[in-house]
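Note sheet for the following structure.
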Amino acid sequence: MASSSVSKIKNIYVFGGSSPRKEKEFLESINYLGRVLIDRKIHLVFGGGSLGLMGGVSIATFLGGSQVLGAVPKALAEGDIIEKTVGEEL
């Protein structure tokens, strides 16, 4: 039986830094991850907000047309310290 190249993974959770300090190599990596998710039609679930690496991969993935869901802890959402989440927010 021939193997299929279609990914069976539908969603991926990314947990990474939320620091606004971003190294060039990390930025390149998150942009690449965003492109892979878009190409494979994989939805992103992440820690919410638009800061740091998690925010970067969420923005890249969202702008590419994939579904993005930010799971924001209530304490962070109320404090408004993580900036706006792109996509849906849980």
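Within each chain, counting starts at residue 1; across the structure tokens, chains are named A, B, ... in the order shown, with ligands numbered 1 upward in that order.
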
Practice item. Do a neighbour search on Leu63 (chain A) at 10 Å with only C-alpha atoms, toss out local chain neighbours closer than 3 positions, and write the hits as a list in words. Key: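 After dropping sequence-adjacent residues, the list is Gly34, Ile38, Val57, Ser58, Ile59, Ala60, Ser66, Gln67, Val68, Val86 and Gly87 of chain A.
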
**Study point:** Atom pair CA of Gly65 (chain A) / CA of Val36 (chain A): separation (Å)
**Key:**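 These atoms are spaced 12.0 Å apart.
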
Practice item. Give the alpha helix (DSSP H) residues of region 22-84 of chain A, as assigned by DSSP on the backbone, as number ranges by chain. Key: A: 24-39, 52-63, 74-79
